[in-house]
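What follows is a short report on a single structure.
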Amino acid sequence: MTMKRQVTIALLDEIQDGFNKQDVDAILSHFTDDSIWLMARGPTAPEGKRCVGKAEIGEVLASRYRDIPDKRWEEIRHWIVADQTKAISEWVVRGTPKGGKPVEYTGCDLWEFRDGYVTKKDTYWKYIG
């Protein structure tokens with residue numbers, strides 16, 4: 001059983017730090033077992049790609065870090081809804097896929113929380129091209 005915790009800017013920064021360190025275990029420690037991640041790109045309209053549960057989310061993250069080993073989120077700003085059940089993070093993600101050209105996207109995550117743990121992460125970004 002997990003203890004309830006507060007959703008704060010510091011917590012969102014800690015989660016983001018896990019993403020920038022490419023520490024899948026640290027990232028997943030902030031997610032509930034039944035969490036959902038709706039990725040910005042994927043095969044299914046209108047969601048993109050839906051990942052359900054820590055195992056699937058962890059596999060996708062590990063694969064992404066293998067493909068883009070220097071992936072990082074910068075210029076981050078967060079907002080938290082007063083009841084701490086939702087938050088928004090805005091960022092610029094940068095990196096260079098193996099054998100590819102550098103990428104840079106402005107995007108955001110819409111977060112949902114239960115007892116201070118992520119139940120849903122819905123990712124959006126601007127695609128130029």
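Residues in the structure tokens are named by chain (A, B, ... in the order shown) and by number from 1 within that chain; ligands are numbered from 1 in the order shown.
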*Can you pull out every residue within 8 Å of Ser35 of chain A, counting only C-alpha atoms, but drop anything in the same chain fewer than 6 positions away, and send it as a ChimeraX atom specification?*
/A:52-54,118-120
*Please run DSSP on the backbone and report, as a PyMOL selection string, all residues within chain A that come out as strand (DSSP E or B).*
chain A and resi 31-44+48-52+72-80+86-95+103-114+117-125
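Here atom CA of Gly58 of chain A stands at a distance of 7.1 Å from atom CA of Leu28 of chain A.
Between Gln16 of chain A and the candidates A:Ile76, A:Val103, A:Ala45, A:Val92, the tightest atom-to-atom separation, counting only C-alpha atoms, involves A:Ile76.
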*Best match for closeness to Glu74 of chain A among A:Gly107, A:Pro43, A:Pro97, A:Gly48, counting only C-alpha atoms*: A:Gly107
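Using only C-alpha atoms, the smallest distance between any of A:Arg94, A:Lys121, A:Lys21, A:His78 and Thr106 of chain A comes from A:Arg94.
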*DSSP alpha helix (DSSP H) residues within chain A, listed as number ranges by chain*: A: 9-20, 24-28, 53-67
_What does the structure give for the distance between atom CA of Glu47 of chain A and atom CA of Asp122 of chain A, in Å to one decimal?_
8.8 Å
_With distances taken over only C-alpha atoms, which residue among A:Asp109, A:Glu104, A:Met3, A:Val81 lies nearest Gly129 of chain A?_
A:Glu104
_Close residues, Lys86 of chain A itself excluded, 7 Å, only C-alpha atoms, min 6 positions apart in chain, as number ranges by chain_ = A: 80, 111-113
*Name all residues at most 9 Å from segment 115-117 of chain A (count only C-alpha atoms; drop same-chain ones fewer than 2 positions away) and give them as a ChimeraX atom specification.*
/A:2-8,11,29-32,84-85,112-113,119
